[in-house]
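Coordinates from structure.cif are shown below (mmCIF, C-alpha atoms).
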data_target
#
loop_
_atom_site.group_PDB
_atom_site.id
_atom_site.type_symbol
_atom_site.label_atom_id
_atom_site.label_comp_id
_atom_site.auth_asym_id
_atom_site.auth_seq_id
_atom_site.Cartn_x
_atom_site.Cartn_y
_atom_site.Cartn_z
ATOM 1 C CA MET A 1 -29.050 -21.985 5.576
ATOM 2 C CA ASP A 2 -32.128 -23.544 3.903
ATOM 3 C CA LEU A 3 -32.137 -21.883 0.478
ATOM 4 C CA ASP A 4 -35.073 -23.982 -0.777
ATOM 5 C CA TYR A 5 -37.177 -22.680 2.110
ATOM 6 C CA GLN A 6 -36.157 -19.099 1.272
ATOM 7 C CA ILE A 7 -37.191 -19.557 -2.363
ATOM 8 C CA MET A 8 -40.560 -20.986 -1.307
ATOM 9 C CA ASP A 9 -40.983 -18.038 1.057
ATOM 10 C CA GLN A 10 -40.401 -15.566 -1.778
ATOM 11 C CA ASP A 11 -42.760 -17.432 -4.120
ATOM 12 C CA PHE A 12 -45.710 -17.589 -1.745
ATOM 13 C CA LYS A 13 -45.308 -13.925 -0.798
ATOM 14 C CA LYS A 14 -45.224 -12.885 -4.456
ATOM 15 C CA GLU A 15 -48.342 -14.951 -5.107
ATOM 16 C CA LEU A 16 -50.139 -13.301 -2.199
ATOM 17 C CA LEU A 17 -49.120 -9.829 -3.415
ATOM 18 C CA ASP A 18 -50.495 -10.645 -6.882
ATOM 19 C CA ILE A 19 -53.824 -11.746 -5.374
ATOM 20 C CA LEU A 20 -53.951 -8.652 -3.188
ATOM 21 C CA TYR A 21 -53.329 -6.449 -6.220
ATOM 22 C CA ALA A 22 -55.930 -8.201 -8.392
ATOM 23 C CA LYS A 23 -58.692 -8.385 -5.778
ATOM 24 C CA SER A 24 -58.136 -5.437 -3.462
ATOM 25 C CA PHE A 25 -56.159 -2.644 -5.135
ATOM 26 C CA ARG A 26 -57.923 0.248 -6.863
ATOM 27 C CA TYR A 27 -56.252 3.336 -8.342
ATOM 28 C CA ASP A 28 -58.112 6.437 -9.502
ATOM 29 C CA PRO A 29 -56.012 9.639 -9.558
ATOM 30 C CA GLU A 30 -58.942 11.685 -10.919
ATOM 31 C CA LYS A 31 -61.927 10.904 -8.666
ATOM 32 C CA GLY A 32 -60.078 9.323 -5.763
ATOM 33 C CA PHE A 33 -61.603 7.534 -2.776
ATOM 34 C CA THR A 34 -62.767 8.553 0.702
ATOM 35 C CA LEU A 35 -61.109 6.394 3.361
ATOM 36 C CA THR A 36 -62.501 5.342 6.751
ATOM 37 C CA SER A 37 -60.380 8.078 8.310
ATOM 38 C CA GLY A 38 -62.181 10.663 6.143
ATOM 39 C CA LYS A 39 -59.090 11.390 4.065
ATOM 40 C CA LYS A 40 -59.144 11.386 0.266
ATOM 41 C CA SER A 41 -56.728 9.156 -1.606
ATOM 42 C CA ASP A 42 -56.077 8.049 -5.172
ATOM 43 C CA VAL A 43 -55.512 4.514 -3.848
ATOM 44 C CA TYR A 44 -58.114 2.256 -2.219
ATOM 45 C CA ILE A 45 -57.214 -1.135 -0.742
ATOM 46 C CA ASP A 46 -60.216 -3.308 0.116
ATOM 47 C CA ALA A 47 -58.236 -6.072 1.820
ATOM 48 C CA LYS A 48 -61.344 -8.050 2.810
ATOM 49 C CA LYS A 49 -61.767 -9.096 -0.829
ATOM 50 C CA THR A 50 -58.413 -10.857 -0.419
ATOM 51 C CA SER A 51 -58.621 -12.086 3.178
ATOM 52 C CA LEU A 52 -62.067 -13.636 2.550
ATOM 53 C CA SER A 53 -60.987 -15.479 -0.614
ATOM 54 C CA SER A 54 -60.257 -19.188 -0.211
ATOM 55 C CA HIS A 55 -57.000 -19.085 -2.190
ATOM 56 C CA ALA A 56 -55.529 -16.211 -0.196
ATOM 57 C CA MET A 57 -56.553 -17.565 3.215
ATOM 58 C CA GLU A 58 -53.929 -20.308 3.160
ATOM 59 C CA LEU A 59 -51.236 -17.893 1.994
ATOM 60 C CA ILE A 60 -52.162 -15.329 4.650
ATOM 61 C CA GLY A 61 -52.202 -18.006 7.333
ATOM 62 C CA PHE A 62 -48.806 -19.318 6.248
ATOM 63 C CA ALA A 63 -47.322 -15.810 6.127
ATOM 64 C CA PHE A 64 -48.321 -15.046 9.706
ATOM 65 C CA PHE A 65 -47.299 -18.528 10.867
ATOM 66 C CA ARG A 66 -43.792 -17.929 9.471
ATOM 67 C CA LEU A 67 -43.573 -14.655 11.379
ATOM 68 C CA LEU A 68 -44.945 -15.971 14.677
ATOM 69 C CA LYS A 69 -43.787 -19.600 14.841
ATOM 70 C CA LEU A 70 -40.936 -18.831 17.270
ATOM 71 C CA GLU A 71 -42.778 -16.131 19.220
ATOM 72 C CA PRO A 72 -44.337 -16.857 22.643
ATOM 73 C CA VAL A 73 -47.838 -15.960 21.450
ATOM 74 C CA ASP A 74 -50.968 -17.766 22.668
ATOM 75 C CA ALA A 75 -53.664 -16.014 20.642
ATOM 76 C CA ILE A 76 -54.214 -13.729 17.669
ATOM 77 C CA GLY A 77 -57.010 -11.303 16.786
ATOM 78 C CA GLY A 78 -58.030 -7.680 16.609
ATOM 79 C CA LEU A 79 -60.859 -5.215 16.172
ATOM 80 C CA THR A 80 -63.739 -6.748 14.242
ATOM 81 C CA LEU A 81 -64.267 -6.984 11.241
ATOM 82 C CA GLY A 82 -61.042 -6.468 9.330
ATOM 83 C CA ALA A 83 -58.898 -8.555 11.666
ATOM 84 C CA ASP A 84 -61.227 -11.566 11.860
ATOM 85 C CA PRO A 85 -60.449 -13.549 8.667
ATOM 86 C CA ILE A 86 -56.717 -12.895 9.051
ATOM 87 C CA ALA A 87 -56.756 -14.180 12.628
ATOM 88 C CA TYR A 88 -58.750 -17.292 11.658
ATOM 89 C CA ALA A 89 -56.343 -18.125 8.827
ATOM 90 C CA ALA A 90 -53.238 -17.526 10.939
ATOM 91 C CA ALA A 91 -54.507 -19.602 13.860
ATOM 92 C CA LEU A 92 -55.626 -22.502 11.673
ATOM 93 C CA VAL A 93 -52.413 -22.755 9.624
ATOM 94 C CA SER A 94 -50.257 -22.263 12.715
ATOM 95 C CA THR A 95 -52.092 -24.983 14.649
ATOM 96 C CA MET A 96 -51.808 -27.351 11.666
ATOM 97 C CA ASN A 97 -48.045 -26.770 11.831
ATOM 98 C CA GLY A 98 -47.708 -27.398 15.561
ATOM 99 C CA LYS A 99 -47.907 -23.772 16.761
ATOM 100 C CA TYR A 100 -51.141 -23.648 18.752
ATOM 101 C CA MET A 101 -52.878 -20.263 18.746
ATOM 102 C CA ASP A 102 -56.399 -19.319 19.751
ATOM 103 C CA VAL A 103 -58.428 -16.515 18.184
ATOM 104 C CA PHE A 104 -60.060 -13.561 19.907
ATOM 105 C CA ILE A 105 -62.332 -10.811 18.622
ATOM 106 C CA VAL A 106 -62.371 -7.272 19.986
ATOM 107 C CA ARG A 107 -65.858 -5.824 19.690
ATOM 108 C CA LYS A 108 -66.512 -2.257 18.546
ATOM 109 C CA GLU A 109 -69.151 -2.024 21.263
ATOM 110 C CA PRO A 110 -69.464 -4.126 24.424
ATOM 111 C CA LYS A 111 -71.897 -7.023 24.369
ATOM 112 C CA GLY A 112 -75.340 -5.680 25.261
ATOM 113 C CA HIS A 113 -76.272 -8.568 27.538
ATOM 114 C CA GLY A 114 -74.731 -11.141 29.867
ATOM 115 C CA THR A 115 -71.187 -10.202 30.835
ATOM 116 C CA GLN A 116 -71.186 -7.104 28.581
ATOM 117 C CA GLN A 117 -67.631 -7.946 27.582
ATOM 118 C CA TRP A 118 -65.536 -6.283 24.880
ATOM 119 C CA ILE A 119 -63.544 -9.373 23.932
ATOM 120 C CA GLU A 120 -64.814 -12.690 22.567
ATOM 121 C CA GLY A 121 -62.695 -15.804 22.985
ATOM 122 C CA SER A 122 -61.605 -18.332 25.600
ATOM 123 C CA LEU A 123 -58.348 -16.707 26.649
ATOM 124 C CA GLN A 124 -56.614 -17.452 29.936
ATOM 125 C CA ASP A 125 -55.770 -14.467 32.123
ATOM 126 C CA GLY A 126 -52.462 -12.780 31.294
ATOM 127 C CA VAL A 127 -51.716 -14.687 28.075
ATOM 128 C CA ASN A 128 -49.519 -13.268 25.309
ATOM 129 C CA VAL A 129 -51.425 -12.045 22.269
ATOM 130 C CA VAL A 130 -50.725 -10.385 18.937
ATOM 131 C CA VAL A 131 -53.067 -7.831 17.351
ATOM 132 C CA VAL A 132 -53.664 -7.976 13.600
ATOM 133 C CA GLU A 133 -55.250 -5.587 11.100
ATOM 134 C CA ASP A 134 -56.107 -5.852 7.428
ATOM 135 C CA VAL A 135 -55.142 -2.310 6.347
ATOM 136 C CA VAL A 136 -53.474 0.280 8.585
ATOM 137 C CA THR A 137 -53.867 3.976 7.767
ATOM 138 C CA THR A 138 -53.828 5.994 10.989
ATOM 139 C CA GLY A 139 -53.551 2.946 13.248
ATOM 140 C CA GLY A 140 -56.593 3.937 15.301
ATOM 141 C CA SER A 141 -58.281 0.524 15.192
ATOM 142 C CA ALA A 142 -55.134 -1.256 16.329
ATOM 143 C CA VAL A 143 -54.585 1.218 19.169
ATOM 144 C CA THR A 144 -58.182 0.677 20.331
ATOM 145 C CA ALA A 145 -57.741 -3.109 20.238
ATOM 146 C CA VAL A 146 -54.512 -2.943 22.250
ATOM 147 C CA LYS A 147 -56.177 -0.703 24.843
ATOM 148 C CA ARG A 148 -59.147 -3.065 25.286
ATOM 149 C CA LEU A 149 -56.904 -6.109 25.579
ATOM 150 C CA ARG A 150 -54.662 -4.514 28.176
ATOM 151 C CA GLU A 151 -57.699 -3.399 30.170
ATOM 152 C CA ALA A 152 -58.784 -7.053 30.197
ATOM 153 C CA GLY A 153 -55.389 -8.126 31.529
ATOM 154 C CA TYR A 154 -53.760 -9.564 28.396
ATOM 155 C CA ASN A 155 -50.144 -9.007 27.337
ATOM 156 C CA VAL A 156 -50.000 -7.545 23.807
ATOM 157 C CA ARG A 157 -46.609 -8.380 22.318
ATOM 158 C CA GLN A 158 -46.913 -7.019 18.779
ATOM 159 C CA VAL A 159 -49.193 -5.412 16.176
ATOM 160 C CA MET A 160 -49.196 -6.763 12.622
ATOM 161 C CA ALA A 161 -51.065 -5.972 9.407
ATOM 162 C CA LEU A 162 -51.624 -7.293 5.935
ATOM 163 C CA VAL A 163 -51.052 -3.834 4.392
ATOM 164 C CA ASP A 164 -49.536 -0.605 5.681
ATOM 165 C CA ARG A 165 -50.715 2.460 3.738
ATOM 166 C CA GLU A 166 -47.627 4.308 5.028
ATOM 167 C CA GLU A 167 -49.634 7.291 6.218
ATOM 168 C CA GLY A 168 -48.461 7.499 9.814
ATOM 169 C CA GLY A 169 -50.159 4.407 11.203
ATOM 170 C CA LYS A 170 -46.951 2.563 12.066
ATOM 171 C CA GLU A 171 -45.541 5.537 13.964
ATOM 172 C CA ASN A 172 -48.845 6.171 15.756
ATOM 173 C CA ILE A 173 -49.239 2.529 16.834
ATOM 174 C CA GLU A 174 -45.689 2.290 18.168
ATOM 175 C CA LYS A 175 -45.968 5.628 19.971
ATOM 176 C CA GLU A 176 -49.399 5.002 21.534
ATOM 177 C CA THR A 177 -48.953 1.331 22.458
ATOM 178 C CA GLY A 178 -45.214 0.743 22.772
ATOM 179 C CA CYS A 179 -45.637 -2.313 20.546
ATOM 180 C CA LYS A 180 -43.522 -3.043 17.489
ATOM 181 C CA PHE A 181 -45.453 -2.906 14.209
ATOM 182 C CA TYR A 182 -44.893 -5.034 11.124
ATOM 183 C CA ALA A 183 -46.837 -5.256 7.843
ATOM 184 C CA LEU A 184 -46.599 -7.976 5.209
ATOM 185 C CA PHE A 185 -47.005 -5.431 2.404
ATOM 186 C CA THR A 186 -47.016 -1.670 1.869
ATOM 187 C CA LYS A 187 -48.911 0.681 -0.397
ATOM 188 C CA SER A 188 -45.596 1.433 -2.128
ATOM 189 C CA GLU A 189 -45.231 -2.228 -3.112
ATOM 190 C CA LEU A 190 -48.744 -2.266 -4.581
ATOM 191 C CA LEU A 191 -48.119 0.966 -6.491
ATOM 192 C CA ALA A 192 -44.861 -0.434 -7.861
ATOM 193 C CA LEU A 193 -46.678 -3.564 -9.028
ATOM 194 C CA HIS A 194 -49.397 -1.388 -10.586
ATOM 195 C CA GLU A 195 -46.820 0.620 -12.521
ATOM 196 C CA LYS A 196 -45.134 -2.588 -13.705
ATOM 197 C CA ASN A 197 -48.454 -4.075 -14.850
ATOM 198 C CA GLU A 198 -49.480 -0.884 -16.658
ATOM 199 C CA LYS A 199 -46.190 -0.800 -18.566
ATOM 200 C CA LYS A 200 -46.682 -4.436 -19.508
ATOM 201 C CA LYS A 201 -50.199 -3.685 -20.798
ATOM 202 C CA GLU A 202 -48.904 -0.765 -22.865
ATOM 203 C CA ALA A 203 -46.164 -2.916 -24.399
ATOM 204 C CA GLU A 204 -48.637 -5.685 -25.248
ATOM 205 C CA ALA A 205 -51.069 -3.166 -26.765
ATOM 206 C CA LYS A 206 -48.326 -1.784 -29.021
ATOM 207 C CA LYS A 207 -47.433 -5.285 -30.199
ATOM 208 C CA ALA A 208 -51.069 -6.113 -30.954
ATOM 209 C CA LYS A 209 -51.744 -2.873 -32.837
ATOM 210 C CA PRO A 210 -51.614 -3.459 -36.643
ATOM 211 C CA PRO A 211 -49.196 -1.265 -38.594
ATOM 212 C CA GLU A 212 -50.734 1.748 -40.265
ATOM 213 C CA LYS A 213 -51.139 1.475 -44.036
ATOM 214 C CA PRO A 214 -49.213 4.077 -46.013
ATOM 215 C CA PHE A 215 -51.149 6.623 -48.064
ATOM 216 C CA PHE A 216 -50.483 6.618 -51.856
#
Turn the structure described in the file into structure tokens.
Amino acid sequence: MDLDYQIMDQDFKKELLDILYAKSFRYDPEKGFTLTSGKKSDVYIDAKKTSLSSHAMELIGFAFFRLLKLEPVDAIGGLTLGADPIAYAAALVSTMNGKYMDVFIVRKEPKGHGTQQWIEGSLQDGVNVVVVEDVVTTGGSAVTAVKRLREAGYNVRQVMALVDREEGGKENIEKETGCKFYALFTKSELLALHEKNEKKKEAEAKKAKPPEKPFF
């Protein structure tokens, strides 16, 4: 067993979680946020702020390479726009490490001219693909992507995400598509990190606060 590799794996994943928290995580229990699904939540995760940052791209690419390096997958992608930077990073890092993967993009609307196709990319008929998402809430975007890919004749082996909000998306994806779902991180992990950081801030604030002068 390669313990050094395991330690490196833990370190890079922790670093990616820290970046995700700093760039993408927002918590407001009073006002809350309206999600794409229309639901209200006290947590908002804007994963594009992480997936489009140069530092995180390499980490994201490496994370997905580690998960897919032994899988018979020829291409990676998903519904534009959230999936795009993740797919680019994963394909580039994987190819640099000897695991060749192409990228595809599933359009939200078919191309309005030419072939009027839903899917962009130079995929061979019947190839194995994996669908990625940035943040999964209900799983609707992933289900749509899987449907379009299967209609085009591709074999979808798995659905993966950067973050699972743990609000039914995993169950919905697996039920509707029959594909296994895996996320690098969960909302629970981000909330746990938030709580840890808030406690650290409180402790540091107490240390920095000067002692009160006694009244005489």
Please return the centre and edge lengths, in Å to one decimal, of a box with edges along x, y and z that contains all listed atoms of stretch 65-81 of chain A, widened by 4 Å on every side, as lines of an AutoDock Vina configuration file.
center_x = -52.6
center_y = -12.4
center_z = 16.1
size_x = 31.3
size_y = 22.4
size_z = 21.2
> Taking the file as shown, what set of residues would the PyMOL selection byres ((chain A and resi 29) around 9) give back, as a PyMOL selection string?
Replying inline: chain A and resi 27-28+30-32+41-43
> Which is closest to A:Arg148 among A:Val106, A:Cys179, A:Val163, A:Ala83, if we use all atoms listed in the file?
Replying inline: A:Val106
>> Which residue is closest to A:Val93? Choose from A:Ile60, A:Lys111, A:Glu71, A:Ile19 and count only C-alpha atoms.
In response: A:Ile60
> Quick one: residues within 8 Å of A:Leu123, only C-alpha atoms counted, chain neighbours fewer than 4 positions away excluded, as number ranges by chain?
Replying inline: A: 75, 102, 104, 127
>> As a check of understanding, name the residues that the PyMOL selection byres ((chain A and resi 192-195) around 9) selects in the supplied structure, as a ChimeraX atom specification.
In response: /A:17-18,21,25,27,187-191,196-200
>> Using only C-alpha atoms, can you tell me which of A:Ala145, A:Ile105, A:Pro72, A:Ala203 comes closest to A:Arg157?
In response: A:Pro72
Apply the PyMOL selection byres ((chain A and resi 23) around 10) to the structure shown and report the selected residues as a short mmCIF file (atom, residue, chain, number, x, y, z; two decimals) with C-alpha atoms, in the frame of the given file.
data_model
loop_
_atom_site.label_atom_id
_atom_site.label_comp_id
_atom_site.auth_asym_id
_atom_site.auth_seq_id
_atom_site.Cartn_x
_atom_site.Cartn_y
_atom_site.Cartn_z
CA LEU A 17 -49.12 -9.83 -3.42
CA ASP A 18 -50.50 -10.64 -6.88
CA ILE A 19 -53.82 -11.75 -5.37
CA LEU A 20 -53.95 -8.65 -3.19
CA TYR A 21 -53.33 -6.45 -6.22
CA ALA A 22 -55.93 -8.20 -8.39
CA SER A 24 -58.14 -5.44 -3.46
CA PHE A 25 -56.16 -2.64 -5.14
CA ARG A 26 -57.92 0.25 -6.86
CA ILE A 45 -57.21 -1.14 -0.74
CA ASP A 46 -60.22 -3.31 0.12
CA ALA A 47 -58.24 -6.07 1.82
CA LYS A 48 -61.34 -8.05 2.81
CA LYS A 49 -61.77 -9.10 -0.83
CA THR A 50 -58.41 -10.86 -0.42
CA SER A 51 -58.62 -12.09 3.18
CA SER A 53 -60.99 -15.48 -0.61
#
> Using all atoms listed in the file, what residues lie at most 12 Å away from (-48.0, 3.0, 3.3) (file coordinates), given as a PyMOL selection string?
Replying inline: chain A and resi 41+43-45+135-139+161-171+182-191
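Picture a line from atom CA of A:Gly78 to atom CA of A:Val132; it runs 5.3 Å.
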So that I can see what lies close to A:Thr144, please list as a short mmCIF file (atom, residue, chain, number, x, y, z; two decimals) with C-alpha atoms, in the coordinates of the input the residues with an atom at most 12 Å from it, counting all atoms listed in the file and leaving out residues fewer than 2 positions away in the same chain.
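around23.cif was written with the following content:
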data_model
loop_
_atom_site.label_atom_id
_atom_site.label_comp_id
_atom_site.auth_asym_id
_atom_site.auth_seq_id
_atom_site.Cartn_x
_atom_site.Cartn_y
_atom_site.Cartn_z
CA GLY A 78 -58.03 -7.68 16.61
CA LEU A 79 -60.86 -5.22 16.17
CA THR A 80 -63.74 -6.75 14.24
CA VAL A 106 -62.37 -7.27 19.99
CA ARG A 107 -65.86 -5.82 19.69
CA LYS A 108 -66.51 -2.26 18.55
CA GLU A 109 -69.15 -2.02 21.26
CA TRP A 118 -65.54 -6.28 24.88
CA ILE A 119 -63.54 -9.37 23.93
CA VAL A 131 -53.07 -7.83 17.35
CA VAL A 132 -53.66 -7.98 13.60
CA GLU A 133 -55.25 -5.59 11.10
CA THR A 138 -53.83 5.99 10.99
CA GLY A 139 -53.55 2.95 13.25
CA GLY A 140 -56.59 3.94 15.30
CA SER A 141 -58.28 0.52 15.19
CA ALA A 142 -55.13 -1.26 16.33
CA VAL A 146 -54.51 -2.94 22.25
CA LYS A 147 -56.18 -0.70 24.84
CA ARG A 148 -59.15 -3.06 25.29
CA LEU A 149 -56.90 -6.11 25.58
CA ARG A 150 -54.66 -4.51 28.18
CA GLU A 151 -57.70 -3.40 30.17
CA VAL A 159 -49.19 -5.41 16.18
CA ASN A 172 -48.84 6.17 15.76
CA ILE A 173 -49.24 2.53 16.83
CA GLU A 176 -49.40 5.00 21.53
CA THR A 177 -48.95 1.33 22.46
#
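Here atom CA of A:Phe65 stands at a distance of 15.8 Å from atom CA of A:Asp134.
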>> Need to verify the contact set: A:Phe62, 9 Å, all atoms listed in the file, exclusion of same-chain residues closer than 2 positions in sequence. Can you return it as a PyMOL selection string?
In response: chain A and resi 12+57-60+64-67+89-90+93-94
Emit the selected residues as a compact mmCIF listing (two decimals), keeping the file's coordinate frame, including C-alpha atoms.
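Saved the output as part24.txt:
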# COMPACT_ATOMS: atom_id res chain seq x y z
CA PHE A 12 -45.71 -17.59 -1.74
CA MET A 57 -56.55 -17.57 3.22
CA GLU A 58 -53.93 -20.31 3.16
CA LEU A 59 -51.24 -17.89 1.99
CA ILE A 60 -52.16 -15.33 4.65
CA PHE A 64 -48.32 -15.05 9.71
CA PHE A 65 -47.30 -18.53 10.87
CA ARG A 66 -43.79 -17.93 9.47
CA LEU A 67 -43.57 -14.66 11.38
CA ALA A 89 -56.34 -18.12 8.83
CA ALA A 90 -53.24 -17.53 10.94
CA VAL A 93 -52.41 -22.76 9.62
CA SER A 94 -50.26 -22.26 12.72
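Picture a line from atom CA of A:Asp11 to atom CA of A:Ala87; it runs 22.1 Å.
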